[in-house]
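S.K.: File follows, target14.txt with compact mmCIF, C-alpha atoms:
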# COMPACT_ATOMS: atom_id res chain seq x y z
CA MET Q 1 144.16 47.59 89.09
CA ARG Q 2 145.09 51.27 89.07
CA LEU Q 3 146.44 50.91 85.55
CA ILE Q 4 143.15 49.46 84.32
CA LEU Q 5 141.15 52.30 85.86
CA LEU Q 6 143.32 54.90 84.20
CA LEU Q 7 142.92 53.25 80.82
CA PHE Q 8 139.16 52.84 80.90
CA LEU Q 9 138.02 55.91 82.84
CA PRO Q 10 137.93 58.22 79.74
CA VAL Q 11 135.77 55.69 77.90
CA TRP Q 12 133.30 55.59 80.83
CA ILE Q 13 133.16 59.39 81.02
CA ASN Q 14 132.44 59.91 77.31
CA CYS Q 15 129.80 57.19 77.01
CA PHE Q 16 126.93 59.73 76.68
CA TYR Q 17 127.65 60.82 73.12
CA THR Q 18 129.71 59.71 70.15
CA SER Q 19 130.74 61.52 66.99
CA SER Q 20 127.95 59.80 65.08
CA ASP Q 21 125.37 61.57 67.29
CA GLY Q 22 126.33 64.94 65.79
CA ILE Q 23 127.31 66.30 69.20
CA VAL Q 24 130.71 67.96 69.51
CA GLU Q 25 132.80 67.15 72.56
CA LEU Q 26 133.95 70.51 73.93
CA THR Q 27 136.88 71.08 76.26
CA ASP Q 28 138.62 73.90 78.06
CA SER Q 29 141.18 73.99 75.24
CA ASN Q 30 138.92 73.92 72.17
CA PHE Q 31 135.92 75.89 73.39
CA ASP Q 32 137.09 79.34 72.23
CA SER Q 33 137.98 78.23 68.73
CA LYS Q 34 134.88 76.10 68.19
CA VAL Q 35 132.22 78.18 69.94
CA LEU Q 36 133.24 81.74 70.73
CA LYS Q 37 134.98 82.37 67.40
CA SER Q 38 132.26 80.63 65.43
CA ASP Q 39 129.64 82.38 63.31
CA ARG Q 40 127.08 79.70 64.16
CA ILE Q 41 124.52 79.31 66.92
CA TRP Q 42 125.68 76.84 69.57
CA VAL Q 43 123.67 74.80 72.04
CA VAL Q 44 125.98 73.64 74.81
CA GLU Q 45 125.16 71.17 77.58
CA PHE Q 46 127.25 71.11 80.77
CA TYR Q 47 126.85 67.68 82.37
CA ALA Q 48 128.27 65.21 84.87
CA PRO Q 49 128.45 61.47 84.06
CA TYR Q 50 126.93 60.47 87.41
CA CYS Q 51 123.94 62.85 87.04
CA GLY Q 52 120.60 61.06 86.66
CA HIS Q 53 118.91 64.04 84.95
CA CYS Q 54 121.81 64.23 82.49
CA LYS Q 55 121.30 60.56 81.60
CA SER Q 56 117.58 61.20 81.07
CA LEU Q 57 118.39 64.10 78.73
CA VAL Q 58 120.67 62.01 76.45
CA PRO Q 59 118.03 60.63 74.00
CA GLU Q 60 116.33 64.04 73.63
CA TYR Q 61 119.65 65.83 73.20
CA LYS Q 62 120.59 63.38 70.45
CA LYS Q 63 117.24 64.04 68.75
CA ALA Q 64 117.86 67.80 69.02
CA ALA Q 65 121.23 67.35 67.29
CA LYS Q 66 119.51 65.56 64.38
CA LEU Q 67 116.72 68.15 64.15
CA LEU Q 68 119.17 71.04 64.14
CA LYS Q 69 121.79 69.50 61.85
CA GLY Q 70 123.02 72.22 59.49
CA ILE Q 71 121.09 74.84 61.46
CA ALA Q 72 122.89 75.05 64.80
CA SER Q 73 125.86 73.31 66.37
CA ILE Q 74 125.32 71.06 69.39
CA GLY Q 75 128.05 70.52 71.97
CA SER Q 76 128.56 68.95 75.37
CA ILE Q 77 131.02 69.54 78.17
CA ASP Q 78 131.84 67.12 80.95
CA GLY Q 79 132.01 69.48 83.90
CA THR Q 80 133.78 66.97 86.10
CA ILE Q 81 136.85 67.04 83.82
CA GLN Q 82 136.68 70.45 82.13
CA LYS Q 83 136.80 72.65 85.24
CA ALA Q 84 137.55 76.08 83.73
CA LEU Q 85 134.41 76.46 81.61
CA PRO Q 86 131.85 75.57 84.31
CA SER Q 87 133.59 78.04 86.61
CA LYS Q 88 133.63 80.75 83.94
CA TYR Q 89 129.91 80.45 83.22
CA GLY Q 90 128.81 79.96 86.81
CA ILE Q 91 127.49 76.42 86.40
CA LYS Q 92 125.88 75.31 89.66
CA GLY Q 93 123.92 72.23 88.63
CA TRP Q 94 123.68 69.47 86.06
CA PRO Q 95 122.59 69.50 83.34
CA THR Q 96 122.82 73.17 82.40
CA ILE Q 97 122.17 74.17 78.79
CA LYS Q 98 123.31 77.49 77.39
CA ILE Q 99 122.54 79.10 74.03
CA PHE Q 100 125.40 80.98 72.36
CA GLY Q 101 123.65 83.12 69.73
CA LEU Q 102 124.84 84.79 66.55
CA GLY Q 103 125.68 88.04 68.31
CA ASP Q 104 127.88 88.55 71.35
CA LYS Q 105 128.81 85.05 72.49
CA SER Q 106 130.48 86.28 75.66
CA LYS Q 107 127.09 86.42 77.38
CA PRO Q 108 125.04 83.32 76.52
CA ILE Q 109 121.42 82.82 77.54
CA ASP Q 110 120.38 80.05 79.92
CA TYR Q 111 117.95 77.55 78.44
CA ASP Q 112 115.23 77.03 81.03
CA GLY Q 113 112.64 75.29 78.87
CA PRO Q 114 111.51 71.67 78.69
CA ARG Q 115 114.34 69.18 78.33
CA THR Q 116 113.07 67.89 75.02
CA ALA Q 117 114.32 68.02 71.44
CA LYS Q 118 111.26 70.04 70.47
CA GLY Q 119 111.79 72.59 73.23
CA ILE Q 120 115.43 73.13 72.30
CA ALA Q 121 114.60 73.37 68.57
CA GLU Q 122 111.88 75.97 69.22
CA VAL Q 123 114.33 78.24 71.06
CA ILE Q 124 116.81 78.02 68.18
CA GLN Q 125 114.02 78.78 65.72
CA LYS Q 126 113.11 81.92 67.69
CA THR Q 127 116.75 82.97 67.89
CA ILE Q 128 117.18 82.67 64.12
CA LYS Q 129 113.91 84.50 63.42
CA LYS Q 130 114.90 87.37 65.70
CA THR Q 131 118.30 87.67 64.00
CA LEU Q 132 116.72 87.72 60.53
CA GLU Q 133 114.27 90.43 61.57
CA GLU Q 134 117.07 92.55 63.01
CA ARG Q 135 119.23 92.16 59.91
CA SER Q 136 116.41 92.87 57.48
CA GLY Q 137 115.35 95.95 59.43
CA GLY Q 138 111.81 94.63 59.65
CA LYS Q 139 109.64 95.50 62.60
CA SER Q 140 109.18 92.48 64.79
CA LYS Q 141 105.91 91.59 66.46
CA LYS Q 142 107.78 89.31 68.86
CA SER Q 143 107.35 91.63 71.81
CA GLU Q 144 103.60 91.75 71.40
CA LYS Q 145 103.29 87.98 71.02
CA SER Q 146 105.66 87.14 73.84
CA SER Q 147 103.94 89.68 76.07
CA LYS Q 148 100.62 87.92 75.57
CA LYS Q 149 102.21 84.54 76.17
CA SER Q 150 103.77 85.71 79.41
CA GLY Q 151 100.63 87.42 80.63
CA ILE Q 152 101.93 90.98 80.34
CA SER Q 153 99.04 93.43 80.35
CA GLY Q 154 97.39 96.32 82.13
CA LYS Q 155 99.80 98.36 84.25
CA VAL Q 156 102.91 96.43 83.19
CA VAL Q 157 104.96 98.36 80.61
CA THR Q 158 106.35 96.35 77.68
CA LEU Q 159 110.06 97.19 77.36
CA THR Q 160 112.26 96.65 74.31
CA ASP Q 161 115.80 97.27 73.09
CA SER Q 162 114.59 100.50 71.49
CA ASN Q 163 112.64 102.03 74.40
CA PHE Q 164 114.50 100.75 77.49
CA GLU Q 165 117.04 103.55 77.71
CA LYS Q 166 114.44 106.28 77.22
CA LEU Q 167 111.82 104.89 79.58
CA VAL Q 168 113.99 103.40 82.33
CA LEU Q 169 117.53 104.79 82.27
CA ASN Q 170 116.78 108.37 81.20
CA SER Q 171 113.84 108.62 83.57
CA LYS Q 172 112.84 110.32 86.78
CA ASP Q 173 110.68 107.32 87.62
CA THR Q 174 111.40 104.35 89.86
CA TRP Q 175 111.26 100.98 88.05
CA MET Q 176 110.96 97.27 88.73
CA VAL Q 177 111.91 95.33 85.59
CA GLU Q 178 111.42 91.65 84.86
CA PHE Q 179 113.61 90.00 82.22
CA PHE Q 180 111.73 86.92 81.00
CA ALA Q 181 111.55 84.23 78.32
CA PRO Q 182 108.17 83.24 76.82
CA TRP Q 183 108.83 79.52 77.32
CA CYS Q 184 109.93 79.92 80.95
CA GLY Q 185 107.50 78.25 83.35
CA HIS Q 186 108.62 80.34 86.33
CA CYS Q 187 108.01 83.50 84.29
CA GLN Q 188 104.49 82.42 83.41
CA LYS Q 189 103.80 81.69 87.07
CA LEU Q 190 105.13 85.12 88.04
CA ALA Q 191 102.99 87.03 85.48
CA PRO Q 192 99.75 87.42 87.52
CA GLU Q 193 101.69 88.37 90.66
CA TRP Q 194 103.70 90.92 88.66
CA GLU Q 195 100.47 92.43 87.31
CA LYS Q 196 98.94 92.68 90.80
CA ALA Q 197 102.03 94.43 92.13
CA ALA Q 198 102.04 96.81 89.15
CA LYS Q 199 98.42 97.81 89.82
CA ALA Q 200 99.07 98.30 93.53
CA MET Q 201 102.14 100.49 92.91
CA ALA Q 202 100.67 102.51 90.01
CA GLY Q 203 101.69 106.14 90.26
CA LYS Q 204 104.56 105.29 92.60
CA VAL Q 205 106.77 102.59 91.06
CA LYS Q 206 106.56 101.48 87.45
CA PHE Q 207 106.65 97.78 86.61
CA GLY Q 208 108.05 96.70 83.25
CA ALA Q 209 108.81 93.44 81.46
CA LEU Q 210 111.35 92.71 78.73
CA ASP Q 211 111.46 89.55 76.61
CA ALA Q 212 115.15 88.70 76.82
CA THR Q 213 114.93 86.24 73.91
CA ALA Q 214 113.63 88.95 71.59
CA HIS Q 215 115.62 91.91 72.94
CA GLN Q 216 119.07 90.54 73.53
CA SER Q 217 121.01 93.81 73.43
CA ILE Q 218 119.60 95.08 76.73
CA SER Q 219 119.71 91.59 78.21
CA ARG Q 220 123.43 91.31 77.41
CA LYS Q 221 124.08 94.78 78.80
CA PHE Q 222 122.76 93.70 82.20
CA GLY Q 223 124.26 90.21 82.08
CA ILE Q 224 120.95 88.35 82.16
CA GLN Q 225 121.63 84.60 82.34
CA GLY Q 226 118.48 83.13 83.84
CA PHE Q 227 114.74 83.69 83.86
CA PRO Q 228 113.01 85.41 85.38
CA THR Q 229 115.57 88.00 86.49
CA ILE Q 230 114.17 91.02 88.33
CA LYS Q 231 116.05 94.28 88.72
CA PHE Q 232 115.28 97.53 90.53
CA PHE Q 233 116.19 100.84 88.86
CA ALA Q 234 116.21 104.09 90.83
CA PRO Q 235 115.53 107.39 89.01
CA GLY Q 236 118.49 108.47 86.89
CA SER Q 237 119.97 104.98 86.67
CA THR Q 238 122.70 104.29 84.11
CA SER Q 239 123.56 101.23 82.04
CA SER Q 240 125.82 100.05 84.87
CA ASP Q 241 123.06 100.31 87.50
CA GLY Q 242 120.21 98.01 88.34
CA GLU Q 243 119.93 96.21 91.68
CA ASP Q 244 119.12 92.49 91.60
CA TYR Q 245 115.93 91.53 93.40
CA GLN Q 246 116.41 88.37 95.44
CA GLY Q 247 113.11 88.25 97.29
CA GLY Q 248 109.95 86.20 96.91
CA ARG Q 249 107.75 86.24 93.83
CA THR Q 250 104.35 86.95 95.32
CA SER Q 251 102.63 90.28 94.76
CA SER Q 252 102.78 91.14 98.48
CA GLU Q 253 106.53 90.55 98.59
CA LEU Q 254 107.10 92.56 95.41
CA ILE Q 255 104.96 95.42 96.75
CA SER Q 256 106.75 95.43 100.11
CA TYR Q 257 110.15 95.57 98.40
CA SER Q 258 109.03 98.31 95.98
CA GLU Q 259 107.65 100.46 98.77
CA SER Q 260 110.85 100.07 100.76
CA LYS Q 261 113.03 101.04 97.78
CA LEU Q 262 110.75 103.95 96.92
CA GLU Q 263 111.07 105.24 100.47
CA ASP Q 264 114.87 105.06 100.15
CA VAL Q 265 114.69 107.05 96.90
CA VAL Q 266 112.35 109.66 98.36
CA ASN Q 267 114.40 110.12 101.51
CA SER Q 268 117.59 110.53 99.52
CA LYS Q 269 116.51 113.75 97.82
CA ASP Q 270 114.57 116.92 98.49
CA LEU Q 271 111.22 117.23 96.77
CA GLU Q 272 111.13 119.94 94.11
CA VAL Q 273 108.29 122.42 93.79
CA ILE Q 274 108.52 123.69 90.23
CA GLU Q 275 107.27 126.94 88.73
CA GLY Q 276 104.74 126.17 85.99
CA THR Q 277 106.07 128.14 83.06
CA SER Q 278 105.29 125.72 80.21
CA SER Q 279 103.05 122.81 79.29
CA ASP Q 280 106.03 120.45 79.06
CA SER Q 281 107.38 121.26 82.52
CA ILE Q 282 103.96 120.86 84.17
CA GLN Q 283 103.13 117.62 82.34
CA GLU Q 284 106.52 116.15 83.25
CA THR Q 285 105.89 116.94 86.92
CA CYS Q 286 102.29 115.72 86.99
CA GLN Q 287 102.50 112.69 84.72
CA ASN Q 288 101.71 109.35 86.39
CA ARG Q 289 101.25 110.98 89.83
CA GLN Q 290 98.54 110.11 92.31
CA LEU Q 291 97.87 113.82 92.71
CA CYS Q 292 99.33 116.98 91.23
CA ILE Q 293 99.18 119.97 93.55
CA PHE Q 294 98.81 123.44 91.98
CA ALA Q 295 99.50 126.44 94.23
CA PHE Q 296 98.43 129.82 92.84
CA LEU Q 297 100.42 132.53 94.62
CA PRO Q 298 99.57 136.24 94.66
CA SER Q 299 100.91 138.46 91.90
CA ILE Q 300 104.43 139.76 92.50
CA PHE Q 301 102.95 143.28 92.56
CA ASP Q 302 100.79 142.30 95.56
CA CYS Q 303 103.34 140.07 97.30
CA GLN Q 304 106.96 141.06 96.69
CA ALA Q 305 110.03 138.80 96.73
CA LYS Q 306 110.23 138.40 100.52
CA CYS Q 307 106.52 137.68 100.77
CA ARG Q 308 106.62 135.17 97.87
CA ASN Q 309 109.67 133.35 99.20
CA GLU Q 310 107.95 132.94 102.56
CA LYS Q 311 104.95 131.35 100.87
CA LEU Q 312 107.18 129.14 98.72
CA GLU Q 313 109.03 127.98 101.82
CA ILE Q 314 105.73 127.01 103.47
CA LEU Q 315 104.74 125.16 100.29
CA ARG Q 316 108.06 123.27 100.22
CA LYS Q 317 107.67 122.21 103.84
CA VAL Q 318 104.18 120.90 103.12
CA ALA Q 319 105.51 119.07 100.07
CA GLN Q 320 108.26 117.45 102.15
CA ASN Q 321 105.66 116.22 104.63
CA PHE Q 322 103.84 114.46 101.80
CA LYS Q 323 106.82 113.38 99.72
CA LYS Q 324 106.19 109.67 100.37
CA ARG Q 325 102.85 110.07 98.59
CA SER Q 326 104.44 110.61 95.16
CA PHE Q 327 102.63 113.89 94.50
CA GLY Q 328 103.68 116.44 91.90
CA TRP Q 329 104.00 120.06 93.08
CA VAL Q 330 103.62 123.16 90.86
CA TRP Q 331 103.29 126.84 91.70
CA LEU Q 332 101.96 129.55 89.42
CA GLU Q 333 101.58 133.30 89.70
CA ALA Q 334 98.04 134.60 89.92
CA GLY Q 335 96.83 135.72 86.51
CA ALA Q 336 99.72 134.12 84.61
CA GLN Q 337 97.63 131.14 83.46
CA SER Q 338 94.09 132.45 83.08
CA ASP Q 339 92.85 129.31 81.27
CA VAL Q 340 94.08 127.10 84.10
CA GLU Q 341 92.35 129.30 86.68
CA LYS Q 342 89.13 129.11 84.69
CA ALA Q 343 89.47 125.33 84.43
CA PHE Q 344 89.78 125.08 88.22
CA GLU Q 345 87.13 127.77 88.80
CA ILE Q 346 89.31 129.92 91.05
CA GLY Q 347 90.25 133.57 91.24
CA ASP Q 348 87.20 135.02 92.98
CA SER Q 349 88.30 134.24 96.53
CA GLY Q 350 91.77 135.77 96.49
CA TYR Q 351 95.19 134.15 96.67
CA PRO Q 352 96.92 131.89 97.54
CA VAL Q 353 94.74 129.01 96.37
CA VAL Q 354 95.74 125.34 96.34
CA VAL Q 355 94.21 122.87 93.88
CA ALA Q 356 94.81 119.11 93.79
CA MET Q 357 94.36 117.50 90.34
CA MET Q 358 93.51 113.81 90.37
CA ASP Q 359 93.25 111.08 87.75
CA GLY Q 360 95.04 112.99 85.02
CA ILE Q 361 92.87 116.07 84.40
CA LYS Q 362 89.45 114.47 84.78
CA GLU Q 363 88.82 115.76 88.28
CA PHE Q 364 90.22 118.35 90.64
CA LEU Q 365 89.83 119.11 94.27
CA ASN Q 366 89.64 122.82 94.99
CA SER Q 367 90.69 123.63 98.54
CA VAL Q 368 89.73 127.20 99.34
CA THR Q 369 90.50 129.59 102.15
CA TYR Q 370 88.04 128.08 104.61
CA GLY Q 371 89.30 124.54 104.21
CA LYS Q 372 86.27 123.37 102.25
CA GLY Q 373 86.66 121.33 99.09
CA ARG Q 374 84.69 120.30 96.07
CA VAL Q 375 85.27 117.91 93.22
CA ARG Q 376 84.72 119.06 89.67
CA ASP Q 377 85.35 117.83 86.15
CA VAL Q 378 87.58 120.00 83.98
CA GLN Q 379 85.42 121.28 81.14
CA PRO Q 380 86.59 120.56 77.55
CA ALA Q 381 86.56 124.29 76.75
CA HIS Q 382 89.56 124.73 79.03
CA LEU Q 383 91.58 121.89 77.54
CA SER Q 384 94.09 121.76 74.73
CA GLY Q 385 93.72 118.22 73.45
CA ASN Q 386 93.87 116.09 76.59
CA TRP Q 387 95.74 118.59 78.70
CA LEU Q 388 95.29 121.99 80.31
CA LYS Q 389 95.79 125.10 78.20
CA ILE Q 390 99.19 126.40 79.30
CA VAL Q 391 100.91 129.49 77.88
CA GLU Q 392 104.68 129.93 77.93
CA THR Q 393 105.82 132.41 80.56
CA ALA Q 394 109.20 133.64 81.71
CA PRO Q 395 110.33 132.15 85.03
CA TRP Q 396 110.43 134.44 88.04
CA ASP Q 397 113.85 136.05 88.46
CA GLY Q 398 113.56 136.15 92.26
CA LEU Q 399 113.35 139.95 92.39
CA ASP Q 400 110.78 142.52 93.48
CA LYS Q 401 108.67 144.19 90.84
CA GLU Q 402 106.82 147.48 90.79
CA LEU Q 403 104.03 148.72 88.60
CA PRO Q 404 105.30 151.07 85.88
CA ILE Q 405 105.00 154.74 86.84
CA VAL Q 406 102.60 156.63 84.61
CA GLU Q 407 103.69 160.27 84.15
CA ASP Q 408 101.13 163.03 84.77
CA ILE Q 409 99.58 164.36 81.59
CA ASP Q 410 99.40 168.14 81.11
CA LEU Q 411 95.82 168.98 80.08
CA SER Q 412 96.13 172.77 80.34
CA ASP Q 413 96.13 173.25 76.57
CA ILE Q 414 93.07 171.13 76.01
CA ASP Q 415 89.61 172.64 75.99
CA LEU Q 416 87.46 170.29 78.01
CA ASP Q 417 84.28 172.34 77.57
CA SER Q 418 82.27 170.22 75.17
CA SER Q 419 79.58 172.87 74.87
CA LYS Q 420 82.00 175.30 73.24
CA SER Q 421 83.14 172.71 70.77
CA GLU Q 422 79.55 172.09 69.75
CA LEU Q 423 79.06 175.80 69.06
What's the structure tokens form of this structure?
M.R.:
Amino acid sequence: MRLILLLFLPVWINCFYTSSDGIVELTDSNFDSKVLKSDRIWVVEFYAPYCGHCKSLVPEYKKAAKLLKGIASIGSIDGTIQKALPSKYGIKGWPTIKIFGLGDKSKPIDYDGPRTAKGIAEVIQKTIKKTLEERSGGKSKKSEKSSKKSGISGKVVTLTDSNFEKLVLNSKDTWMVEFFAPWCGHCQKLAPEWEKAAKAMAGKVKFGALDATAHQSISRKFGIQGFPTIKFFAPGSTSSDGEDYQGGRTSSELISYSESKLEDVVNSKDLEVIEGTSSDSIQETCQNRQLCIFAFLPSIFDCQAKCRNEKLEILRKVAQNFKKRSFGWVWLEAGAQSDVEKAFEIGDSGYPVVVAMMDGIKEFLNSVTYGKGRVRDVQPAHLSGNWLKIVETAPWDGLDKELPIVEDIDLSDIDLDSSKSEL
């Protein structure tokens, strides 16, 4: 009886597909040569013979092989016999389908769409289209289309291969990033919750979304293998950073996690109060902040280095007390930015004066000496485009300054009697 089982067991295991189905039987020994070293797209199913869902997939998988004949290669792996490959690719359930694209095959993408021939064919069609667009140098509209399909809008930033490094990695902002696929049902379900969280955290944590089927370079860099995958990026993150989010997918859970991570980021560094010496430095500090605080300190001639440093120290302590609020903090010397002072309607009550700018530059709150405040719109006359008129100034060198000494003028040789000159 044992001899009979040994003879017929391989036939029982391979009963799903035959060579006439157009599906290649892959093994631990032939996988590298057939798939990884191939210049073709591969669709690979990892299955188990006893798996009911795998049996249900068989007719659709055979149809997919016929639809994609000459376009993509279709393979199958019996995970109960070929142990190395399922372990290598982290297979945890049956069936699992992976797409090995035309690029880097070392990091395939999980197929999480409908288990139908049409669903599989559509993913291959998108993969080929994306590759053609990249090779031809044409500008793809895939991101825009997939964003609409996934419900990306409003406060959620659309990320791509071309802008990810600039916006996320080379950034002083805190980010939550979703890697999604347009056909992914879980991603579509997450979309409204993601948008709610983005609105709630606006000005504190940025929420972005990247279509991993259209922008595969960044997806490969972070080893994305399933959808949706959510990662947290602290300010100054590198290509090796990015913390996996393992929590729930409701807006309240996303907000709670974001606030907790933001608090960790804030507590890990001292808040900087910058000197406003240029438009770029001030915009960088104030951009996407709930409030931007402007402190106008007395002129160095009226308040020397010791006096100024004392006021700056008070300002820094106040800033630290409010650092969880994600405010921007800028100090300027009285008279150095006359257009800004006119825009905020200050200068008549003496210095220091503190102004809080809200909602970009549309409104400001002017807190004066007596603790009173008023809200005003910044008048267009004081704007340069959509921003305050800022002139370039040299940063303070930390030293005292004195007014230049004017030498006495000898007037002894000058006749000041105007009556004589008229005669």
S.K.: Would you mind telling me which residue in Q:Val265, Q:Met357, Q:Met176, Q:Val24 lies nearest to Lys323 in chain Q when using only C-alpha atoms?
M.R.: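 The closest residue to Lys323 in chain Q is Q:Val265.
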S.K.: Hey, what's within 7 Å of range 29-43 of chain Q if we count all atoms listed in the file and toss same-chain stuff fewer than 6 positions away? As a list of chain:residue names, please?
M.R.: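 The contact residues come out as Q:Ala72, Q:Ser73, Q:Ile74, Q:Gly75, Q:Ile97, Q:Lys98, Q:Ile99, Q:Phe100, Q:Gly101, Q:Leu102, Q:Lys105.
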S.K.: Please provide as a PyMOL selection string all residues within 9 Å of range 333-340 of chain Q, with the sequence filter that same-chain residues fewer than 4 positions apart are discarded (counting only C-alpha atoms).
M.R.: chain Q and resi 275-277+295-300+344-347+351-352+382-383+388-391+393
S.K.: From the options Q:Trp331, Q:Phe222, Q:Trp94, Q:Tyr257, which residue's atoms come nearest to Ser278 in chain Q, counting only C-alpha atoms?
M.R.: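 That would be Q:Trp331, the residue with the smallest distance to Ser278 in chain Q.
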S.K.: What gap, in Å, lies between CA of Pro86 in chain Q and CA of Ile109 in chain Q?
M.R.: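 If I compute the distance from CA of Pro86 in chain Q to CA of Ile109 in chain Q, I get 14.4 Å.
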S.K.: Place a sphere of radius 8 Å on (140.2, 76.0, 82.3) in the file coordinates and name every protein, DNA or RNA residue with an atom inside or on its surface, counting only C-alpha atoms; give the answer as a ChimeraX atom specification.
M.R.: /Q:28-29,82-85
S.K.: Which residue, Q:Ala305, Q:Cys184, Q:Cys54, Q:Leu315, has the smallest gap to Ile77 in chain Q when you use all atoms listed in the file?
M.R.: Q:Cys54
S.K.: Would you please work out which residue, of Q:Gly90, Q:Arg308, Q:Gln125, Q:Ala48, is nearest to Ile71 in chain Q when using all atoms listed in the file?
M.R.: Q:Gln125
S.K.: To one decimal place, how far is CA of Trp387 in chain Q from CA of Arg289 in chain Q in Å?
M.R.: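 Computed distance, CA of Trp387 in chain Q to CA of Arg289 in chain Q, equals 14.6 Å.
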S.K.: Please check which residues have atoms at most 10 Å from (99.2, 86.0, 94.9) in the file's coordinates, counting all atoms listed in the file, and write them as a list of chain:residue names.
M.R.: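 These residues have at least one counted atom within 10 Å: Q:Leu190, Q:Pro192, Q:Glu193, Q:Trp194, Q:Lys196, Q:Ala197, Q:Arg249, Q:Thr250, Q:Ser251, Q:Ser252, Q:Glu253.
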S.K.: For Ala234 in chain Q, which of Q:Cys286, Q:Leu210, Q:Val168, Q:Ile274 is the closest residue, counting all atoms listed in the file?
M.R.: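 With all atoms listed in the file as the atom set, the closest residue is Q:Val168.
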S.K.: Ile224 in chain Q: which residues within 10 Å, counting only C-alpha atoms, same-chain residues fewer than 4 positions away excluded, as a PDB file with C-alpha atoms, in the coordinates of the input?
M.R.:
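Result went into part-v2.pdb, see below:
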ATOM      1  CA  LYS Q 107     127.090  86.420  77.380  1.00  0.00           C
ATOM      2  CA  PRO Q 108     125.040  83.320  76.520  1.00  0.00           C
ATOM      3  CA  ILE Q 109     121.420  82.820  77.540  1.00  0.00           C
ATOM      4  CA  ASP Q 110     120.380  80.050  79.920  1.00  0.00           C
ATOM      5  CA  PHE Q 179     113.610  90.000  82.220  1.00  0.00           C
ATOM      6  CA  PHE Q 180     111.730  86.920  81.000  1.00  0.00           C
ATOM      7  CA  ALA Q 212     115.150  88.700  76.820  1.00  0.00           C
ATOM      8  CA  GLN Q 216     119.070  90.540  73.530  1.00  0.00           C
ATOM      9  CA  ILE Q 218     119.600  95.080  76.730  1.00  0.00           C
ATOM     10  CA  SER Q 219     119.710  91.590  78.210  1.00  0.00           C
ATOM     11  CA  ARG Q 220     123.430  91.310  77.410  1.00  0.00           C
ATOM     12  CA  PRO Q 228     113.010  85.410  85.380  1.00  0.00           C
ATOM     13  CA  THR Q 229     115.570  88.000  86.490  1.00  0.00           C
ATOM     14  CA  ILE Q 230     114.170  91.020  88.330  1.00  0.00           C
TER      15      ILE Q 230
END
S.K.: Skipping near chain neighbours, those fewer than 2 positions away, what residues fall within 9 Å of Glu60 in chain Q using only C-alpha atoms, listed as a list in words?
M.R.: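 Contacts, with the query itself left out: Ser56, Leu57, Val58, Lys62, Lys63, Ala64, Ala65, Arg115, Thr116, Ala117 and Lys118 of chain Q.
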S.K.: I'd like to know which of Q:Leu169, Q:Cys303, Q:Leu132, Q:Ile293 is closest to Thr238 in chain Q, using all atoms listed in the file.
M.R.: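 Using all atoms listed in the file, Thr238 in chain Q sits closest to Q:Leu169.
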S.K.: By how many Å are CA of Lys261 in chain Q and CA of Trp175 in chain Q apart?
M.R.: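 Atom-to-atom, CA of Lys261 in chain Q to CA of Trp175 in chain Q, that is 9.9 Å.
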